[in-house]
Amino acid sequence: MSSLRIAVREAATGPVVEIDGELDHVTSDELRTRVRGLALKPEGRLTIHLAGMEFCDSSGITALLAARNHAIAAGADIVLAAVPANTMRILRIAGLDQVFRIEAAGSTSADTDTAGAL
């Protein structure tokens with residue numbers, strides 16, 4: 001059985017969505033729903049932090065693309081942070097490393113947590 005934990009916190013640059021567990025065909029709709037509910041500001045940034053993601057299938061990749069579309073529609077940027085090696089490999093093979101801005105694990109630590117997990 002797939003399990004996914006999604007925590008959202010507000011940083012100075014915009015929302016940070018932290019993914020823990022498996023992002024797959026069973027759980028990807030949960031990410032889509034959470035991201036659709038985020039109010040993004042033009043010139044802001046949506047960060048999806050993937051350090052705790054254990055598995056990601058094509059449905060998970062599609063959910064990440066949906067998050068990107070939501071950010072673009074709001075005039076915001078999107079960043080994938082701390083992408084696990086196995087997921088990074090898939091992103092590279094699919095050419096999505098050219099579509100998403102990707103940051104190393106520690107890069108988002110400068111964001112100030114202003115609200116805590118929602």
# chains A, B, ... in the order shown; residues from 1 in each chain; ligands from 1
call {"tool": "select_by_dssp", "arguments": {"residues": "segment 51-86 of chain A", "states": "strand (DSSP E or B)", "output": "list in words"}}
result
Ala51, Gly52, Met53, Glu54, Phe55, Cys56, Asp77, Ile78, Val79, Leu80 and Ala81 of chain A
call {"tool": "write_last_selection", "arguments": {"atoms": "all heavy atoms", "output": "PDB file, in the first residue's frame"}}
result
ATOM      1  N   ALA A  51      13.141  15.468  -0.709  1.00  0.00           N
ATOM      2  CA  ALA A  51      14.145  14.666   0.007  1.00  0.00           C
ATOM      3  C   ALA A  51      13.549  13.401   0.611  1.00  0.00           C
ATOM      4  O   ALA A  51      14.198  12.359   0.640  1.00  0.00           O
ATOM      5  CB  ALA A  51      14.820  15.497   1.090  1.00  0.00           C
ATOM      6  N   GLY A  52      12.316  13.455   1.063  1.00  0.00           N
ATOM      7  CA  GLY A  52      11.692  12.293   1.694  1.00  0.00           C
ATOM      8  C   GLY A  52      10.930  11.386   0.735  1.00  0.00           C
ATOM      9  O   GLY A  52      10.327  10.410   1.168  1.00  0.00           O
ATOM     10  N   MET A  53      10.967  11.699  -0.539  1.00  0.00           N
ATOM     11  CA  MET A  53      10.238  10.878  -1.516  1.00  0.00           C
ATOM     12  C   MET A  53      10.995   9.574  -1.748  1.00  0.00           C
ATOM     13  O   MET A  53      12.161   9.583  -2.107  1.00  0.00           O
ATOM     14  CB  MET A  53      10.051  11.639  -2.831  1.00  0.00           C
ATOM     15  CG  MET A  53       9.122  10.915  -3.776  1.00  0.00           C
ATOM     16  SD  MET A  53       8.690  11.918  -5.195  1.00  0.00           S
ATOM     17  CE  MET A  53      10.268  12.033  -6.036  1.00  0.00           C
ATOM     18  N   GLU A  54      10.317   8.470  -1.533  1.00  0.00           N
ATOM     19  CA  GLU A  54      10.932   7.152  -1.661  1.00  0.00           C
ATOM     20  C   GLU A  54      10.750   6.552  -3.053  1.00  0.00           C
ATOM     21  O   GLU A  54      11.562   5.733  -3.480  1.00  0.00           O
ATOM     22  CB  GLU A  54      10.328   6.210  -0.621  1.00  0.00           C
ATOM     23  CG  GLU A  54      10.581   6.667   0.801  1.00  0.00           C
ATOM     24  CD  GLU A  54       9.698   5.969   1.812  1.00  0.00           C
ATOM     25  OE1 GLU A  54       8.922   5.061   1.431  1.00  0.00           O
ATOM     26  OE2 GLU A  54       9.783   6.333   2.992  1.00  0.00           O
ATOM     27  N   PHE A  55       9.679   6.943  -3.732  1.00  0.00           N
ATOM     28  CA  PHE A  55       9.361   6.363  -5.042  1.00  0.00           C
ATOM     29  C   PHE A  55       8.513   7.353  -5.814  1.00  0.00           C
ATOM     30  O   PHE A  55       7.690   8.059  -5.241  1.00  0.00           O
ATOM     31  CB  PHE A  55       8.581   5.048  -4.856  1.00  0.00           C
ATOM     32  CG  PHE A  55       8.122   4.435  -6.138  1.00  0.00           C
ATOM     33  CD1 PHE A  55       9.008   3.713  -6.934  1.00  0.00           C
ATOM     34  CD2 PHE A  55       6.815   4.584  -6.563  1.00  0.00           C
ATOM     35  CE1 PHE A  55       8.581   3.150  -8.127  1.00  0.00           C
ATOM     36  CE2 PHE A  55       6.386   4.026  -7.757  1.00  0.00           C
ATOM     37  CZ  PHE A  55       7.268   3.300  -8.538  1.00  0.00           C
ATOM     38  N   CYS A  56       8.707   7.395  -7.127  1.00  0.00           N
ATOM     39  CA  CYS A  56       7.894   8.250  -7.987  1.00  0.00           C
ATOM     40  C   CYS A  56       7.693   7.542  -9.320  1.00  0.00           C
ATOM     41  O   CYS A  56       8.669   7.190  -9.993  1.00  0.00           O
ATOM     42  CB  CYS A  56       8.594   9.593  -8.205  1.00  0.00           C
ATOM     43  SG  CYS A  56       7.632  10.774  -9.165  1.00  0.00           S
ATOM     44  N   ASP A  77       7.185  31.004 -10.156  1.00  0.00           N
ATOM     45  CA  ASP A  77       8.234  30.069 -10.536  1.00  0.00           C
ATOM     46  C   ASP A  77       8.006  28.774  -9.760  1.00  0.00           C
ATOM     47  O   ASP A  77       7.311  28.768  -8.745  1.00  0.00           O
ATOM     48  CB  ASP A  77       9.594  30.691 -10.176  1.00  0.00           C
ATOM     49  CG  ASP A  77      10.771  29.922 -10.744  1.00  0.00           C
ATOM     50  OD1 ASP A  77      10.587  29.099 -11.663  1.00  0.00           O
ATOM     51  OD2 ASP A  77      11.897  30.145 -10.255  1.00  0.00           O
ATOM     52  N   ILE A  78       8.595  27.692 -10.226  1.00  0.00           N
ATOM     53  CA  ILE A  78       8.561  26.434  -9.479  1.00  0.00           C
ATOM     54  C   ILE A  78       9.963  25.861  -9.424  1.00  0.00           C
ATOM     55  O   ILE A  78      10.724  25.960 -10.386  1.00  0.00           O
ATOM     56  CB  ILE A  78       7.567  25.418 -10.086  1.00  0.00           C
ATOM     57  CG1 ILE A  78       7.500  24.150  -9.216  1.00  0.00           C
ATOM     58  CG2 ILE A  78       7.919  25.117 -11.529  1.00  0.00           C
ATOM     59  CD1 ILE A  78       6.373  23.203  -9.561  1.00  0.00           C
ATOM     60  N   VAL A  79      10.291  25.293  -8.274  1.00  0.00           N
ATOM     61  CA  VAL A  79      11.598  24.685  -8.055  1.00  0.00           C
ATOM     62  C   VAL A  79      11.383  23.314  -7.434  1.00  0.00           C
ATOM     63  O   VAL A  79      10.584  23.170  -6.509  1.00  0.00           O
ATOM     64  CB  VAL A  79      12.456  25.550  -7.093  1.00  0.00           C
ATOM     65  CG1 VAL A  79      13.748  24.851  -6.732  1.00  0.00           C
ATOM     66  CG2 VAL A  79      12.720  26.904  -7.697  1.00  0.00           C
ATOM     67  N   LEU A  80      12.100  22.319  -7.941  1.00  0.00           N
ATOM     68  CA  LEU A  80      12.156  21.014  -7.289  1.00  0.00           C
ATOM     69  C   LEU A  80      13.448  20.997  -6.494  1.00  0.00           C
ATOM     70  O   LEU A  80      14.530  21.253  -7.026  1.00  0.00           O
ATOM     71  CB  LEU A  80      12.168  19.879  -8.311  1.00  0.00           C
ATOM     72  CG  LEU A  80      10.967  19.787  -9.254  1.00  0.00           C
ATOM     73  CD1 LEU A  80      11.109  18.569 -10.163  1.00  0.00           C
ATOM     74  CD2 LEU A  80       9.658  19.743  -8.494  1.00  0.00           C
ATOM     75  N   ALA A  81      13.343  20.731  -5.205  1.00  0.00           N
ATOM     76  CA  ALA A  81      14.519  20.731  -4.329  1.00  0.00           C
ATOM     77  C   ALA A  81      14.770  19.333  -3.789  1.00  0.00           C
ATOM     78  O   ALA A  81      13.834  18.565  -3.560  1.00  0.00           O
ATOM     79  CB  ALA A  81      14.299  21.704  -3.170  1.00  0.00           C
TER      80      ALA A  81
END
call {"tool": "atom_distance", "arguments": {"atom1": "atom CA of Ile90 of chain A", "atom2": "atom CA of Ile72 of chain A"}}
result
22.3 Å
call {"tool": "atom_distance", "arguments": {"atom1": "atom CA of Ser28 of chain A", "atom2": "atom CA of Gln98 of chain A"}}
result
22.0 Å
call {"tool": "select_by_dssp", "arguments": {"residues": "segment 11-52 of chain A", "states": "alpha helix (DSSP H)", "output": "PyMOL selection string"}}
result
chain A and resi 28-36
call {"tool": "residues_around", "arguments": {"residues": "Arg36 of chain A", "least_positions_apart": "2", "cutoff": "8 Å", "atoms": "only C-alpha atoms", "output": "PDB file with all heavy atoms, in the first residue's frame"}}
result
ATOM      1  N   ARG A  32      -1.841  16.758  -6.297  1.00  0.00           N
ATOM      2  CA  ARG A  32      -2.544  17.683  -7.201  1.00  0.00           C
ATOM      3  C   ARG A  32      -3.539  18.551  -6.432  1.00  0.00           C
ATOM      4  O   ARG A  32      -3.601  19.759  -6.637  1.00  0.00           O
ATOM      5  CB  ARG A  32      -3.295  16.911  -8.283  1.00  0.00           C
ATOM      6  CG  ARG A  32      -2.426  16.298  -9.326  1.00  0.00           C
ATOM      7  CD  ARG A  32      -3.315  15.453 -10.233  1.00  0.00           C
ATOM      8  NE  ARG A  32      -2.544  14.669 -11.141  1.00  0.00           N
ATOM      9  CZ  ARG A  32      -2.535  14.849 -12.446  1.00  0.00           C
ATOM     10  NH1 ARG A  32      -3.268  15.782 -12.997  1.00  0.00           N
ATOM     11  NH2 ARG A  32      -1.800  14.082 -13.216  1.00  0.00           N
ATOM     12  N   THR A  33      -4.313  17.925  -5.557  1.00  0.00           N
ATOM     13  CA  THR A  33      -5.317  18.650  -4.784  1.00  0.00           C
ATOM     14  C   THR A  33      -4.669  19.673  -3.857  1.00  0.00           C
ATOM     15  O   THR A  33      -5.113  20.823  -3.779  1.00  0.00           O
ATOM     16  CB  THR A  33      -6.164  17.658  -3.962  1.00  0.00           C
ATOM     17  OG1 THR A  33      -6.811  16.759  -4.876  1.00  0.00           O
ATOM     18  CG2 THR A  33      -7.207  18.370  -3.134  1.00  0.00           C
ATOM     19  N   ARG A  34      -3.609  19.276  -3.170  1.00  0.00           N
ATOM     20  CA  ARG A  34      -2.939  20.207  -2.246  1.00  0.00           C
ATOM     21  C   ARG A  34      -2.351  21.391  -2.992  1.00  0.00           C
ATOM     22  O   ARG A  34      -2.457  22.530  -2.540  1.00  0.00           O
ATOM     23  CB  ARG A  34      -1.828  19.493  -1.467  1.00  0.00           C
ATOM     24  CG  ARG A  34      -2.307  18.453  -0.484  1.00  0.00           C
ATOM     25  CD  ARG A  34      -3.068  19.035   0.705  1.00  0.00           C
ATOM     26  NE  ARG A  34      -2.289  19.858   1.576  1.00  0.00           N
ATOM     27  CZ  ARG A  34      -1.616  19.447   2.641  1.00  0.00           C
ATOM     28  NH1 ARG A  34      -1.624  18.183   2.976  1.00  0.00           N
ATOM     29  NH2 ARG A  34      -0.951  20.299   3.367  1.00  0.00           N
ATOM     30  N   LEU A  38      -3.188  25.940  -3.238  1.00  0.00           N
ATOM     31  CA  LEU A  38      -2.215  26.951  -2.820  1.00  0.00           C
ATOM     32  C   LEU A  38      -2.418  28.255  -3.573  1.00  0.00           C
ATOM     33  O   LEU A  38      -2.580  28.255  -4.795  1.00  0.00           O
ATOM     34  CB  LEU A  38      -0.784  26.461  -3.088  1.00  0.00           C
ATOM     35  CG  LEU A  38      -0.328  25.249  -2.298  1.00  0.00           C
ATOM     36  CD1 LEU A  38       1.052  24.815  -2.774  1.00  0.00           C
ATOM     37  CD2 LEU A  38      -0.312  25.548  -0.806  1.00  0.00           C
ATOM     38  N   ALA A  67       1.692  20.640 -11.022  1.00  0.00           N
ATOM     39  CA  ALA A  67       2.120  21.690 -10.085  1.00  0.00           C
ATOM     40  C   ALA A  67       2.828  22.806 -10.843  1.00  0.00           C
ATOM     41  O   ALA A  67       2.609  23.993 -10.574  1.00  0.00           O
ATOM     42  CB  ALA A  67       3.037  21.101  -9.009  1.00  0.00           C
ATOM     43  N   HIS A  70       0.248  24.919 -12.566  1.00  0.00           N
ATOM     44  CA  HIS A  70      -0.434  25.785 -11.600  1.00  0.00           C
ATOM     45  C   HIS A  70       0.430  27.014 -11.297  1.00  0.00           C
ATOM     46  O   HIS A  70      -0.067  28.143 -11.260  1.00  0.00           O
ATOM     47  CB  HIS A  70      -0.731  24.997 -10.322  1.00  0.00           C
ATOM     48  CG  HIS A  70      -1.396  25.791  -9.254  1.00  0.00           C
ATOM     49  ND1 HIS A  70      -2.665  26.308  -9.382  1.00  0.00           N
ATOM     50  CD2 HIS A  70      -0.956  26.164  -8.022  1.00  0.00           C
ATOM     51  CE1 HIS A  70      -2.987  26.975  -8.272  1.00  0.00           C
ATOM     52  NE2 HIS A  70      -1.970  26.894  -7.438  1.00  0.00           N
TER      53      HIS A  70
END
call {"tool": "residues_around", "arguments": {"residues": "Ala76 of chain A", "least_positions_apart": "2", "cutoff": "12 Å", "atoms": "only C-alpha atoms", "output": "short mmCIF file (atom, residue, chain, number, x, y, z; two decimals) with all heavy atoms, in the first residue's frame"}}
result
data_model
loop_
_atom_site.label_atom_id
_atom_site.label_comp_id
_atom_site.auth_asym_id
_atom_site.auth_seq_id
_atom_site.Cartn_x
_atom_site.Cartn_y
_atom_site.Cartn_z
N THR A 13 9.79 33.19 0.14
CA THR A 13 9.63 33.17 -1.32
C THR A 13 8.29 32.61 -1.77
O THR A 13 7.92 32.77 -2.93
CB THR A 13 10.75 32.34 -1.96
OG1 THR A 13 10.72 31.02 -1.38
CG2 THR A 13 12.10 32.98 -1.74
N GLY A 14 7.58 31.93 -0.88
CA GLY A 14 6.30 31.31 -1.23
C GLY A 14 6.17 29.94 -0.59
O GLY A 14 7.01 29.56 0.23
N PRO A 15 5.16 29.19 -0.95
CA PRO A 15 4.91 27.90 -0.31
C PRO A 15 6.01 26.87 -0.61
O PRO A 15 6.57 26.84 -1.70
CB PRO A 15 3.58 27.42 -0.89
CG PRO A 15 3.18 28.41 -1.89
CD PRO A 15 4.14 29.52 -1.94
N LEU A 38 -3.19 25.94 -3.24
CA LEU A 38 -2.22 26.95 -2.82
C LEU A 38 -2.42 28.25 -3.57
O LEU A 38 -2.58 28.25 -4.80
CB LEU A 38 -0.78 26.46 -3.09
CG LEU A 38 -0.33 25.25 -2.30
CD1 LEU A 38 1.05 24.82 -2.77
CD2 LEU A 38 -0.31 25.55 -0.81
N ALA A 39 -2.42 29.35 -2.84
CA ALA A 39 -2.48 30.67 -3.46
C ALA A 39 -1.05 31.09 -3.77
O ALA A 39 -0.26 31.34 -2.87
CB ALA A 39 -3.14 31.66 -2.51
N LEU A 40 -0.75 31.15 -5.04
CA LEU A 40 0.59 31.55 -5.48
C LEU A 40 0.54 32.98 -5.97
O LEU A 40 -0.42 33.40 -6.59
CB LEU A 40 1.09 30.63 -6.60
CG LEU A 40 1.15 29.15 -6.24
CD1 LEU A 40 1.55 28.33 -7.46
CD2 LEU A 40 2.12 28.92 -5.10
N LYS A 41 1.61 33.71 -5.68
CA LYS A 41 1.67 35.12 -6.07
C LYS A 41 2.55 35.26 -7.31
O LYS A 41 3.57 34.57 -7.43
CB LYS A 41 2.25 35.95 -4.94
CG LYS A 41 1.38 35.94 -3.70
CD LYS A 41 2.04 36.69 -2.57
CE LYS A 41 1.17 36.57 -1.33
NZ LYS A 41 1.86 36.96 -0.13
N PRO A 42 2.19 36.18 -8.20
CA PRO A 42 3.08 36.47 -9.32
C PRO A 42 4.47 36.84 -8.79
O PRO A 42 4.58 37.51 -7.77
CB PRO A 42 2.42 37.65 -10.03
CG PRO A 42 0.98 37.56 -9.63
CD PRO A 42 0.98 36.99 -8.23
N GLU A 43 5.46 36.36 -9.44
CA GLU A 43 6.86 36.58 -9.06
C GLU A 43 7.25 35.78 -7.81
O GLU A 43 8.39 35.88 -7.37
CB GLU A 43 7.18 38.07 -8.85
CG GLU A 43 6.78 38.97 -10.00
CD GLU A 43 7.47 38.61 -11.31
OE1 GLU A 43 8.66 38.28 -11.30
OE2 GLU A 43 6.78 38.67 -12.35
N GLY A 44 6.33 35.03 -7.24
CA GLY A 44 6.65 34.17 -6.11
C GLY A 44 7.23 32.85 -6.58
O GLY A 44 7.52 32.66 -7.77
N ARG A 45 7.39 31.94 -5.64
CA ARG A 45 7.98 30.65 -5.99
C ARG A 45 7.29 29.53 -5.22
O ARG A 45 7.05 29.64 -4.02
CB ARG A 45 9.47 30.65 -5.66
CG ARG A 45 10.15 29.32 -5.99
CD ARG A 45 11.62 29.42 -5.86
NE ARG A 45 12.01 29.37 -4.45
CZ ARG A 45 13.25 29.55 -4.03
NH1 ARG A 45 14.21 29.81 -4.87
NH2 ARG A 45 13.52 29.48 -2.75
N LEU A 46 6.99 28.47 -5.92
CA LEU A 46 6.51 27.23 -5.33
C LEU A 46 7.69 26.28 -5.30
O LEU A 46 8.29 26.00 -6.34
CB LEU A 46 5.38 26.64 -6.18
CG LEU A 46 4.93 25.21 -5.83
CD1 LEU A 46 4.41 25.12 -4.41
CD2 LEU A 46 3.89 24.74 -6.83
N THR A 47 8.04 25.84 -4.11
CA THR A 47 9.14 24.89 -3.96
C THR A 47 8.55 23.54 -3.57
O THR A 47 7.77 23.46 -2.63
CB THR A 47 10.15 25.34 -2.88
OG1 THR A 47 10.66 26.62 -3.25
CG2 THR A 47 11.28 24.35 -2.73
N ALA A 67 1.69 20.64 -11.02
CA ALA A 67 2.12 21.69 -10.08
C ALA A 67 2.83 22.81 -10.84
O ALA A 67 2.61 23.99 -10.57
CB ALA A 67 3.04 21.10 -9.01
N ARG A 68 3.65 22.44 -11.81
CA ARG A 68 4.33 23.43 -12.64
C ARG A 68 3.31 24.28 -13.40
O ARG A 68 3.43 25.50 -13.46
CB ARG A 68 5.27 22.73 -13.61
CG ARG A 68 6.02 23.67 -14.54
CD ARG A 68 6.93 22.89 -15.50
NE ARG A 68 7.61 23.79 -16.39
CZ ARG A 68 7.14 24.22 -17.56
NH1 ARG A 68 5.96 23.80 -17.99
NH2 ARG A 68 7.84 25.06 -18.30
N ASN A 69 2.31 23.63 -13.98
CA ASN A 69 1.27 24.36 -14.71
C ASN A 69 0.52 25.33 -13.80
O ASN A 69 0.20 26.45 -14.20
CB ASN A 69 0.30 23.39 -15.38
CG ASN A 69 0.96 22.61 -16.50
OD1 ASN A 69 2.00 23.00 -17.02
ND2 ASN A 69 0.35 21.49 -16.86
N HIS A 70 0.25 24.92 -12.57
CA HIS A 70 -0.43 25.78 -11.60
C HIS A 70 0.43 27.01 -11.30
O HIS A 70 -0.07 28.14 -11.26
CB HIS A 70 -0.73 25.00 -10.32
CG HIS A 70 -1.40 25.79 -9.25
ND1 HIS A 70 -2.66 26.31 -9.38
CD2 HIS A 70 -0.96 26.16 -8.02
CE1 HIS A 70 -2.99 26.97 -8.27
NE2 HIS A 70 -1.97 26.89 -7.44
N ALA A 71 1.73 26.79 -11.10
CA ALA A 71 2.64 27.90 -10.81
C ALA A 71 2.71 28.86 -12.00
O ALA A 71 2.61 30.08 -11.82
CB ALA A 71 4.03 27.37 -10.47
N ILE A 72 2.85 28.33 -13.19
CA ILE A 72 2.94 29.17 -14.39
C ILE A 72 1.67 29.99 -14.56
O ILE A 72 1.73 31.19 -14.87
CB ILE A 72 3.24 28.32 -15.63
CG1 ILE A 72 4.69 27.81 -15.57
CG2 ILE A 72 3.01 29.11 -16.91
CD1 ILE A 72 5.02 26.76 -16.60
N ALA A 73 0.51 29.36 -14.35
CA ALA A 73 -0.77 30.07 -14.49
C ALA A 73 -0.87 31.24 -13.51
O ALA A 73 -1.51 32.25 -13.80
CB ALA A 73 -1.93 29.10 -14.29
N ALA A 74 -0.21 31.11 -12.35
CA ALA A 74 -0.23 32.17 -11.34
C ALA A 74 0.89 33.19 -11.56
O ALA A 74 0.99 34.15 -10.80
CB ALA A 74 -0.10 31.56 -9.95
N ILE A 78 8.60 27.69 -10.23
CA ILE A 78 8.56 26.43 -9.48
C ILE A 78 9.96 25.86 -9.42
O ILE A 78 10.72 25.96 -10.39
CB ILE A 78 7.57 25.42 -10.09
CG1 ILE A 78 7.50 24.15 -9.22
CG2 ILE A 78 7.92 25.12 -11.53
CD1 ILE A 78 6.37 23.20 -9.56
N VAL A 79 10.29 25.29 -8.27
CA VAL A 79 11.60 24.69 -8.06
C VAL A 79 11.38 23.31 -7.43
O VAL A 79 10.58 23.17 -6.51
CB VAL A 79 12.46 25.55 -7.09
CG1 VAL A 79 13.75 24.85 -6.73
CG2 VAL A 79 12.72 26.90 -7.70
#
call {"tool": "residues_around", "arguments": {"residues": "Gly60 of chain A", "least_positions_apart": "4", "cutoff": "8 Å", "atoms": "only C-alpha atoms", "output": "list in words"}}
result
Leu23, Asp24, His25, Thr27, Ser28, Cys56 and Leu64 of chain A
call {"tool": "atom_distance", "arguments": {"atom1": "atom CA of Leu96 of chain A", "atom2": "atom CA of Val26 of chain A"}}
result
22.2 Å
